[in-house]
Amino acid sequence: MASTLPPLNPANVQGDILVGLPKKVQHYLFFQIDDDVTAFRKRLRLLIPLITTTVQVQDDRAKIVANKKKAAELGKAPELLRLSGVNIAFSQFGLNKLGIKDNLGDTAFATGQQKDSQGLGDAGAPDANNNFVPNWINAFKNQIHGVVIISGDCDLTVTATQAAVLAIFNIGAHITLHEVITVKGVVRPGAEKGHEHFGFLDGISQPAVKDFDTKPNPGQETVSQGVILCGREGDVVAGTTTPFTRPAWALDGSFLALRYLFQLVPEFDNFLKASADPTKGFTSDLLGARLVGRWKSGAPVDVFPLADNPAAGKDPLQNNNFRYDFPNDFDTQDRCPFAGHTRKTNPRNDLEQLGFSTENRRIIRRGVQFGPELTPEEVSSGKTHHGRGLIFAAYCGSITNSFQFIQQSWANNQGFPIQKPVSPGFDAIIGQNNQGPDDNGPRSMSGANPNNQTATLSLPIEWVVPKGGEYFFSPSIPALRDTFSL
Ligand code: HEM
């Protein structure tokens with residue numbers, strides 16, 4: 001199938017997938033489609049011209065670069081660029097509601113995230129019918145049909161764009177789309193821009209997509225287009241060459257795993273302080289870096305195991321150039337613990353040395369932080385009083401192959417990576433061991449302390465708390481036109 005396809009046309013692909021909508025603020029408008037489905041589909045057609053394609057995002061990003069360059073030449077602050085972007089994606093509930101009966105061929109997507117939450121390790125309890133109900137906020141316990149992603153340079157732009165989107169679907173009393181919840185993300189201020197709330201630079205390691213990202217940075221792996229886009233070469237069942245069976249309209253669409261993840265920042269910081277041993281050079285900064293796999297600057301511990309290197313951390317030519325293949329890397333935790341977040345979620349040589357490919361496990365991470373900066377009271381009490389965290393968003397050609405597998409079989413699996421001299425333990429950042437109502441079961445990891453690598457470090461609480469989410473499919477522009485709308 002793949003070889004007879006026309007080459008990828010970026011104008012057909014929604015802009016958040018391959019490039020990422022530029023954003024300082026980003027709203028995720030989770031919605032239900034009203035019973036007048038025909039009216040919804042007609043209105044959706046009117047939304048299509050507003051959907052930001054990959055080509056438009058490339059243009060917007062070029063404008064941002066040119067604006068900064070011009071400002072630098074003039075010695076002035078860059079002019080304010082009003083930019084906004086809109087994308088849309090649908091859940092399995094949404095497809096059902098629209099009457100689109102084709103099977104997209106992804107079990108996790110078809111199941112939906114709420115049913116999948118127990119398998120992902122989220123805390124929760126069975127209801128009267130013995131169905132597992134996660135400890136999510138109520139809005140996400142509704143059936144969510146879709147999400148509109150709205151991004152922009154500031155709150156005002158995004159709020160205005162959201163109003164324009166809603167005005168397309170809801171005219172006067174004729175409502176075709178109901179808002180379930182809008183989750184509002186905002187990039188952190190000042191020097192923390194690009195850093196998630198624990199303080200670490202995020203969004204560094206992304207796969208390059210073949211024949212699209214033609215100049216990968218050193219260490220950045222190039223994956224087949226089908227690892228991210230359905231129907232393209234490499235859209236195969238993991239570990240096989242068997243293509244997934246997808247409907248023709250799925251071509252150039254991508255699955256989207258969205259998670260509303262709260263972060264307990266003061267609690268995490270206090271744990272680092274209490275568990276470090278600075279008199280022996282084991283500082284809380286080093287411990288944090290080893291739990292994540294990178295220093296806060298982004299510098300990878302596999303290359304800079306003893307001290308941060310902020311210049312390398314922000315340099316794309318250096319910050320991803322590692323494979324956990326230094327001599328001793330496979331068997332020791334000298335440089336990076338086996339359970340470090342980046343090593344768990346993309347183990348590179350740990351699997352390749354054993355003859356396994358990681359290509360089909362790769363995801364493109366978008367998403368954005370939400371919530372305020374820490375208050376002085378939170379710092380002094382060591383307790384979270386205000387909700388903050390990460391709206392995690394991962395695009396992939398298969399949720400079952402990648403997002404679900406990474407969380408379930410790698411992050412939550414104490415024995416992964418395999419064939420190590422000691423049990424790696426849980427991913428300290430996202431690993432979950434929930435076994436029932438509010439049961440944050442015990443978690444631990446080995447190798448946190450480079451001076452005592454077989455020692456087990458108990459991880460007393462889960463600092464990342466899932467409170468909602470859903471699996472979506474982000475269709476191509478032709479699919480939106482020919483299959484989703486009327
Ligand atoms: C990388 C933080 C949730 C998968 C990273 C990095 C940080 C980070 C700081 C390193 C920067 C980079 O390489 O881009 C977090 C936080 C999370 C979270 C604070 C929750 C609040 C998740 C989840 C998954 C995930 C739920 C998937 C199940 C990954 C992957 C990488 C990564 C695949 C890239 C690893 C690599 O290629 O080296 N994360 N993350 N993360 N994270 Fe997360």
# chains A, B, ... in the order shown; residues from 1 in each chain; ligands from 1

call {"tool": "residues_around", "arguments": {"residues": "range 160-176 of chain A", "least_positions_apart": "2", "cutoff": "8 Å", "atoms": "only C-alpha atoms", "output": "PDB file with all heavy atoms, in the first residue's frame"}}
result
ATOM      1  N   ILE A  33     -20.622  16.346  20.907  1.00  0.00           N
ATOM      2  CA  ILE A  33     -21.415  16.739  19.736  1.00  0.00           C
ATOM      3  C   ILE A  33     -22.889  16.613  20.116  1.00  0.00           C
ATOM      4  O   ILE A  33     -23.294  15.619  20.733  1.00  0.00           O
ATOM      5  CB  ILE A  33     -21.087  15.814  18.541  1.00  0.00           C
ATOM      6  CG1 ILE A  33     -19.591  15.912  18.199  1.00  0.00           C
ATOM      7  CG2 ILE A  33     -21.972  16.136  17.334  1.00  0.00           C
ATOM      8  CD1 ILE A  33     -19.079  14.800  17.310  1.00  0.00           C
ATOM      9  N   ASP A  34     -23.659  17.620  19.756  1.00  0.00           N
ATOM     10  CA  ASP A  34     -25.079  17.587  20.103  1.00  0.00           C
ATOM     11  C   ASP A  34     -25.830  16.600  19.197  1.00  0.00           C
ATOM     12  O   ASP A  34     -25.278  16.083  18.220  1.00  0.00           O
ATOM     13  CB  ASP A  34     -25.658  18.990  19.946  1.00  0.00           C
ATOM     14  CG  ASP A  34     -26.852  19.178  20.850  1.00  0.00           C
ATOM     15  OD1 ASP A  34     -26.670  19.137  22.076  1.00  0.00           O
ATOM     16  OD2 ASP A  34     -27.971  19.327  20.324  1.00  0.00           O
ATOM     17  N   ASP A  35     -27.100  16.343  19.528  1.00  0.00           N
ATOM     18  CA  ASP A  35     -27.825  15.289  18.803  1.00  0.00           C
ATOM     19  C   ASP A  35     -28.071  15.611  17.326  1.00  0.00           C
ATOM     20  O   ASP A  35     -28.275  14.705  16.524  1.00  0.00           O
ATOM     21  CB  ASP A  35     -29.153  14.986  19.497  1.00  0.00           C
ATOM     22  CG  ASP A  35     -28.879  14.155  20.746  1.00  0.00           C
ATOM     23  OD1 ASP A  35     -27.786  13.555  20.815  1.00  0.00           O
ATOM     24  OD2 ASP A  35     -29.729  14.140  21.653  1.00  0.00           O
ATOM     25  N   ASP A  36     -28.042  16.878  16.986  1.00  0.00           N
ATOM     26  CA  ASP A  36     -28.201  17.229  15.569  1.00  0.00           C
ATOM     27  C   ASP A  36     -26.836  17.073  14.877  1.00  0.00           C
ATOM     28  O   ASP A  36     -26.135  18.045  14.582  1.00  0.00           O
ATOM     29  CB  ASP A  36     -28.729  18.667  15.446  1.00  0.00           C
ATOM     30  CG  ASP A  36     -29.150  18.984  14.016  1.00  0.00           C
ATOM     31  OD1 ASP A  36     -28.847  18.167  13.121  1.00  0.00           O
ATOM     32  OD2 ASP A  36     -29.768  20.051  13.817  1.00  0.00           O
ATOM     33  N   VAL A  37     -26.520  15.825  14.595  1.00  0.00           N
ATOM     34  CA  VAL A  37     -25.183  15.506  14.070  1.00  0.00           C
ATOM     35  C   VAL A  37     -24.989  16.110  12.677  1.00  0.00           C
ATOM     36  O   VAL A  37     -23.904  16.589  12.333  1.00  0.00           O
ATOM     37  CB  VAL A  37     -24.995  13.968  14.047  1.00  0.00           C
ATOM     38  CG1 VAL A  37     -23.701  13.576  13.351  1.00  0.00           C
ATOM     39  CG2 VAL A  37     -25.000  13.430  15.469  1.00  0.00           C
ATOM     40  N   ALA A  39     -26.184  18.870  11.555  1.00  0.00           N
ATOM     41  CA  ALA A  39     -25.846  20.294  11.702  1.00  0.00           C
ATOM     42  C   ALA A  39     -24.389  20.433  12.135  1.00  0.00           C
ATOM     43  O   ALA A  39     -23.655  21.287  11.619  1.00  0.00           O
ATOM     44  CB  ALA A  39     -26.776  20.950  12.715  1.00  0.00           C
ATOM     45  N   PHE A  40     -23.949  19.574  13.068  1.00  0.00           N
ATOM     46  CA  PHE A  40     -22.547  19.640  13.513  1.00  0.00           C
ATOM     47  C   PHE A  40     -21.619  19.452  12.318  1.00  0.00           C
ATOM     48  O   PHE A  40     -20.644  20.184  12.146  1.00  0.00           O
ATOM     49  CB  PHE A  40     -22.254  18.572  14.580  1.00  0.00           C
ATOM     50  CG  PHE A  40     -20.800  18.501  14.958  1.00  0.00           C
ATOM     51  CD1 PHE A  40     -20.276  19.326  15.945  1.00  0.00           C
ATOM     52  CD2 PHE A  40     -19.925  17.639  14.289  1.00  0.00           C
ATOM     53  CE1 PHE A  40     -18.918  19.285  16.268  1.00  0.00           C
ATOM     54  CE2 PHE A  40     -18.571  17.591  14.605  1.00  0.00           C
ATOM     55  CZ  PHE A  40     -18.072  18.416  15.600  1.00  0.00           C
ATOM     56  N   ARG A  43     -21.423  22.474  10.200  1.00  0.00           N
ATOM     57  CA  ARG A  43     -20.626  23.551  10.837  1.00  0.00           C
ATOM     58  C   ARG A  43     -19.133  23.208  10.793  1.00  0.00           C
ATOM     59  O   ARG A  43     -18.291  24.087  10.650  1.00  0.00           O
ATOM     60  CB  ARG A  43     -21.067  23.749  12.278  1.00  0.00           C
ATOM     61  CG  ARG A  43     -22.545  24.040  12.458  1.00  0.00           C
ATOM     62  CD  ARG A  43     -22.856  25.512  12.188  1.00  0.00           C
ATOM     63  NE  ARG A  43     -24.298  25.714  12.121  1.00  0.00           N
ATOM     64  CZ  ARG A  43     -25.087  25.867  13.179  1.00  0.00           C
ATOM     65  NH1 ARG A  43     -24.591  25.848  14.388  1.00  0.00           N
ATOM     66  NH2 ARG A  43     -26.384  26.055  13.014  1.00  0.00           N
ATOM     67  N   LEU A  44     -18.837  21.925  10.939  1.00  0.00           N
ATOM     68  CA  LEU A  44     -17.429  21.502  10.912  1.00  0.00           C
ATOM     69  C   LEU A  44     -16.785  21.907   9.584  1.00  0.00           C
ATOM     70  O   LEU A  44     -15.622  22.305   9.527  1.00  0.00           O
ATOM     71  CB  LEU A  44     -17.337  19.982  11.122  1.00  0.00           C
ATOM     72  CG  LEU A  44     -15.935  19.363  11.102  1.00  0.00           C
ATOM     73  CD1 LEU A  44     -15.053  19.971  12.193  1.00  0.00           C
ATOM     74  CD2 LEU A  44     -16.019  17.848  11.304  1.00  0.00           C
ATOM     75  N   LEU A  46     -17.353  24.505   7.972  1.00  0.00           N
ATOM     76  CA  LEU A  46     -17.004  25.934   8.048  1.00  0.00           C
ATOM     77  C   LEU A  46     -15.743  26.158   8.893  1.00  0.00           C
ATOM     78  O   LEU A  46     -15.074  27.179   8.768  1.00  0.00           O
ATOM     79  CB  LEU A  46     -18.168  26.738   8.647  1.00  0.00           C
ATOM     80  CG  LEU A  46     -19.506  26.618   7.916  1.00  0.00           C
ATOM     81  CD1 LEU A  46     -20.585  27.424   8.634  1.00  0.00           C
ATOM     82  CD2 LEU A  46     -19.373  27.103   6.467  1.00  0.00           C
ATOM     83  N   LEU A  47     -15.448  25.179   9.756  1.00  0.00           N
ATOM     84  CA  LEU A  47     -14.244  25.320  10.596  1.00  0.00           C
ATOM     85  C   LEU A  47     -12.972  25.009   9.805  1.00  0.00           C
ATOM     86  O   LEU A  47     -11.900  25.541  10.120  1.00  0.00           O
ATOM     87  CB  LEU A  47     -14.333  24.366  11.814  1.00  0.00           C
ATOM     88  CG  LEU A  47     -13.156  24.461  12.787  1.00  0.00           C
ATOM     89  CD1 LEU A  47     -13.310  25.693  13.694  1.00  0.00           C
ATOM     90  CD2 LEU A  47     -13.025  23.203  13.651  1.00  0.00           C
ATOM     91  N   SER A  84      -2.302  32.753  15.944  1.00  0.00           N
ATOM     92  CA  SER A  84      -3.158  31.774  16.610  1.00  0.00           C
ATOM     93  C   SER A  84      -3.311  30.544  15.714  1.00  0.00           C
ATOM     94  O   SER A  84      -3.167  30.623  14.495  1.00  0.00           O
ATOM     95  CB  SER A  84      -4.528  32.369  16.953  1.00  0.00           C
ATOM     96  OG  SER A  84      -5.310  32.490  15.811  1.00  0.00           O
ATOM     97  N   ILE A 150      -6.494  25.111  20.667  1.00  0.00           N
ATOM     98  CA  ILE A 150      -6.404  26.508  20.226  1.00  0.00           C
ATOM     99  C   ILE A 150      -5.168  27.115  20.864  1.00  0.00           C
ATOM    100  O   ILE A 150      -5.025  27.097  22.096  1.00  0.00           O
ATOM    101  CB  ILE A 150      -7.659  27.299  20.661  1.00  0.00           C
ATOM    102  CG1 ILE A 150      -8.913  26.596  20.138  1.00  0.00           C
ATOM    103  CG2 ILE A 150      -7.610  28.735  20.162  1.00  0.00           C
ATOM    104  CD1 ILE A 150     -10.120  26.785  21.003  1.00  0.00           C
ATOM    105  N   LEU A 156      -5.448  36.670  25.380  1.00  0.00           N
ATOM    106  CA  LEU A 156      -6.464  37.414  24.627  1.00  0.00           C
ATOM    107  C   LEU A 156      -6.691  36.786  23.251  1.00  0.00           C
ATOM    108  O   LEU A 156      -7.835  36.540  22.839  1.00  0.00           O
ATOM    109  CB  LEU A 156      -5.976  38.864  24.463  1.00  0.00           C
ATOM    110  CG  LEU A 156      -7.026  39.895  24.150  1.00  0.00           C
ATOM    111  CD1 LEU A 156      -7.972  40.044  25.332  1.00  0.00           C
ATOM    112  CD2 LEU A 156      -6.350  41.234  23.830  1.00  0.00           C
ATOM    113  N   THR A 157      -5.596  36.496  22.554  1.00  0.00           N
ATOM    114  CA  THR A 157      -5.711  35.909  21.210  1.00  0.00           C
ATOM    115  C   THR A 157      -6.430  34.571  21.284  1.00  0.00           C
ATOM    116  O   THR A 157      -7.320  34.271  20.478  1.00  0.00           O
ATOM    117  CB  THR A 157      -4.309  35.670  20.606  1.00  0.00           C
ATOM    118  OG1 THR A 157      -3.559  36.857  20.676  1.00  0.00           O
ATOM    119  CG2 THR A 157      -4.396  35.198  19.172  1.00  0.00           C
ATOM    120  N   VAL A 158      -6.026  33.747  22.253  1.00  0.00           N
ATOM    121  CA  VAL A 158      -6.578  32.393  22.324  1.00  0.00           C
ATOM    122  C   VAL A 158      -8.059  32.448  22.719  1.00  0.00           C
ATOM    123  O   VAL A 158      -8.897  31.734  22.148  1.00  0.00           O
ATOM    124  CB  VAL A 158      -5.754  31.523  23.305  1.00  0.00           C
ATOM    125  CG1 VAL A 158      -6.391  30.162  23.496  1.00  0.00           C
ATOM    126  CG2 VAL A 158      -4.335  31.366  22.778  1.00  0.00           C
ATOM    127  N   HIS A 178     -21.188  21.022  22.551  1.00  0.00           N
ATOM    128  CA  HIS A 178     -21.202  21.398  23.967  1.00  0.00           C
ATOM    129  C   HIS A 178     -19.800  21.307  24.540  1.00  0.00           C
ATOM    130  O   HIS A 178     -19.137  20.290  24.376  1.00  0.00           O
ATOM    131  CB  HIS A 178     -22.100  20.441  24.768  1.00  0.00           C
ATOM    132  CG  HIS A 178     -23.530  20.783  24.683  1.00  0.00           C
ATOM    133  ND1 HIS A 178     -24.398  20.165  23.812  1.00  0.00           N
ATOM    134  CD2 HIS A 178     -24.265  21.695  25.363  1.00  0.00           C
ATOM    135  CE1 HIS A 178     -25.600  20.689  23.954  1.00  0.00           C
ATOM    136  NE2 HIS A 178     -25.549  21.612  24.884  1.00  0.00           N
TER     137      HIS A 178
END

call {"tool": "closest_atom_pairs", "arguments": {"of": "chain A", "to": "ligand 1", "cutoff": "6 Å", "atoms": "only C-alpha atoms and all ligand atoms", "output": "CSV"}}
result
residue,atom,partner,partner_atom_place_in_ligand_line,distance
A:Glu196,CA,ligand 1,19 (C),5.8
A:Phe200,CA,ligand 1,9 (C),4.6
A:Leu201,CA,ligand 1,9 (C),5.5
A:Asp202,CA,ligand 1,11 (C),3.9
A:Gly203,CA,ligand 1,14 (O),3.6
A:Ile204,CA,ligand 1,14 (O),3.5
A:Ser205,CA,ligand 1,13 (O),4.0
A:Leu261,CA,ligand 1,21 (C),5.4
A:Gln263,CA,ligand 1,21 (C),5.9
A:Thr342,CA,ligand 1,35 (C),4.1
A:Thr345,CA,ligand 1,33 (C),4.6
A:Asn346,CA,ligand 1,37 (O),4.7
A:Gly389,CA,ligand 1,21 (C),5.9
A:Leu390,CA,ligand 1,21 (C),5.0
A:Phe403,CA,ligand 1,28 (C),5.1
A:Ile406,CA,ligand 1,28 (C),5.1
A:Gln407,CA,ligand 1,28 (C),4.3
A:Ile430,CA,ligand 1,3 (C),5.9
A:Val464,CA,ligand 1,21 (C),5.4

call {"tool": "write_last_selection", "arguments": {"atoms": "N, CA and C atoms", "output": "compact mmCIF listing (two decimals), in the first residue's frame"}}
result
# COMPACT_ATOMS: atom_id res chain seq x y z
N GLU A 196 9.26 22.28 32.24
CA GLU A 196 8.04 21.80 32.90
C GLU A 196 8.12 22.22 34.39
N PHE A 200 12.61 21.16 34.69
CA PHE A 200 13.49 20.60 33.66
C PHE A 200 13.05 21.04 32.27
N LEU A 201 14.06 21.38 31.44
CA LEU A 201 13.76 21.75 30.06
C LEU A 201 13.10 20.55 29.38
N ASP A 202 11.99 20.80 28.69
CA ASP A 202 11.23 19.69 28.09
C ASP A 202 11.14 19.88 26.58
N GLY A 203 10.65 18.83 25.93
CA GLY A 203 10.43 18.92 24.48
C GLY A 203 11.72 18.88 23.68
N ILE A 204 12.77 18.28 24.23
CA ILE A 204 14.06 18.26 23.51
C ILE A 204 14.11 17.08 22.55
N SER A 205 13.85 15.89 23.06
CA SER A 205 14.05 14.69 22.24
C SER A 205 12.77 14.32 21.51
N LEU A 261 -2.12 15.92 33.61
CA LEU A 261 -1.23 15.42 34.66
C LEU A 261 -0.87 16.52 35.64
N GLN A 263 1.21 17.96 38.91
CA GLN A 263 2.54 17.70 39.46
C GLN A 263 2.63 18.29 40.87
N THR A 342 14.07 9.58 31.06
CA THR A 342 14.37 9.56 29.62
C THR A 342 14.85 8.18 29.18
N THR A 345 11.73 5.86 28.96
CA THR A 345 10.76 6.17 27.92
C THR A 345 11.37 6.13 26.51
N ASN A 346 12.69 6.11 26.43
CA ASN A 346 13.36 5.92 25.13
C ASN A 346 14.72 5.29 25.40
N GLY A 389 0.71 21.55 36.44
CA GLY A 389 1.26 20.33 35.86
C GLY A 389 1.44 20.43 34.37
N LEU A 390 1.22 19.31 33.72
CA LEU A 390 1.50 19.19 32.30
C LEU A 390 0.26 18.65 31.58
N PHE A 403 2.40 5.15 23.07
CA PHE A 403 2.10 5.79 24.37
C PHE A 403 1.73 4.75 25.43
N ILE A 406 4.66 2.52 26.39
CA ILE A 406 5.70 3.21 27.17
C ILE A 406 5.27 3.31 28.64
N GLN A 407 4.01 3.71 28.85
CA GLN A 407 3.54 3.89 30.24
C GLN A 407 3.45 2.54 30.96
N ILE A 430 7.08 9.22 36.19
CA ILE A 430 5.71 8.87 35.75
C ILE A 430 5.29 7.43 36.07
N VAL A 464 3.38 12.73 40.09
CA VAL A 464 2.58 13.05 38.90
C VAL A 464 1.24 12.34 39.06

call {"tool": "residues_around", "arguments": {"residues": "range 48-56 of chain A", "least_positions_apart": "4", "cutoff": "8 Å", "atoms": "only C-alpha atoms", "output": "ChimeraX atom specification"}}
result
/A:10-19,44,60,85-88,477,480-481

call {"tool": "residues_around", "arguments": {"residues": "Ala123 in chain A", "least_positions_apart": "3", "cutoff": "12 Å", "atoms": "only C-alpha atoms", "output": "VMD selection string"}}
result
chain A and resid 114 116 to 120 126 132 to 136 432 to 441 462 464 to 468

call {"tool": "write_last_selection", "arguments": {"atoms": "C-alpha atoms", "output": "compact mmCIF listing (two decimals), in the first residue's frame"}}
result
# COMPACT_ATOMS: atom_id res chain seq x y z
CA GLN A 114 -11.05 6.01 30.93
CA ASP A 116 -7.64 2.07 29.86
CA SER A 117 -6.80 4.05 33.01
CA GLN A 118 -6.53 1.05 35.30
CA GLY A 119 -4.05 -0.55 32.92
CA LEU A 120 -2.09 2.71 32.83
CA PRO A 126 -14.67 -0.11 41.04
CA PHE A 132 -13.05 0.72 37.33
CA VAL A 133 -13.49 4.46 37.83
CA PRO A 134 -10.27 6.46 37.99
CA ASN A 135 -9.78 9.30 40.49
CA TRP A 136 -10.15 11.84 37.71
CA GLN A 432 2.59 4.18 38.61
CA ASN A 433 1.82 1.32 40.97
CA ASN A 434 -1.81 1.89 41.75
CA GLN A 435 -3.70 -1.15 42.84
CA GLY A 436 -7.05 0.07 44.05
CA PRO A 437 -8.91 2.92 45.70
CA ASP A 438 -6.35 5.61 46.43
CA ASP A 439 -3.75 2.91 46.60
CA ASN A 440 -0.50 4.46 45.53
CA GLY A 441 1.30 1.17 46.00
CA GLU A 462 3.56 9.63 43.08
CA VAL A 464 2.58 13.05 38.90
CA VAL A 465 -1.15 12.60 39.39
CA PRO A 466 -3.37 11.90 36.36
CA LYS A 467 -6.75 13.63 36.59
CA GLY A 468 -8.15 13.07 33.15

call {"tool": "closest_residue", "arguments": {"among": "A:Arg443, A:Lys344, A:Arg259, A:Arg41", "to": "Tyr471 in chain A", "atoms": "only C-alpha atoms"}}
result
A:Arg259
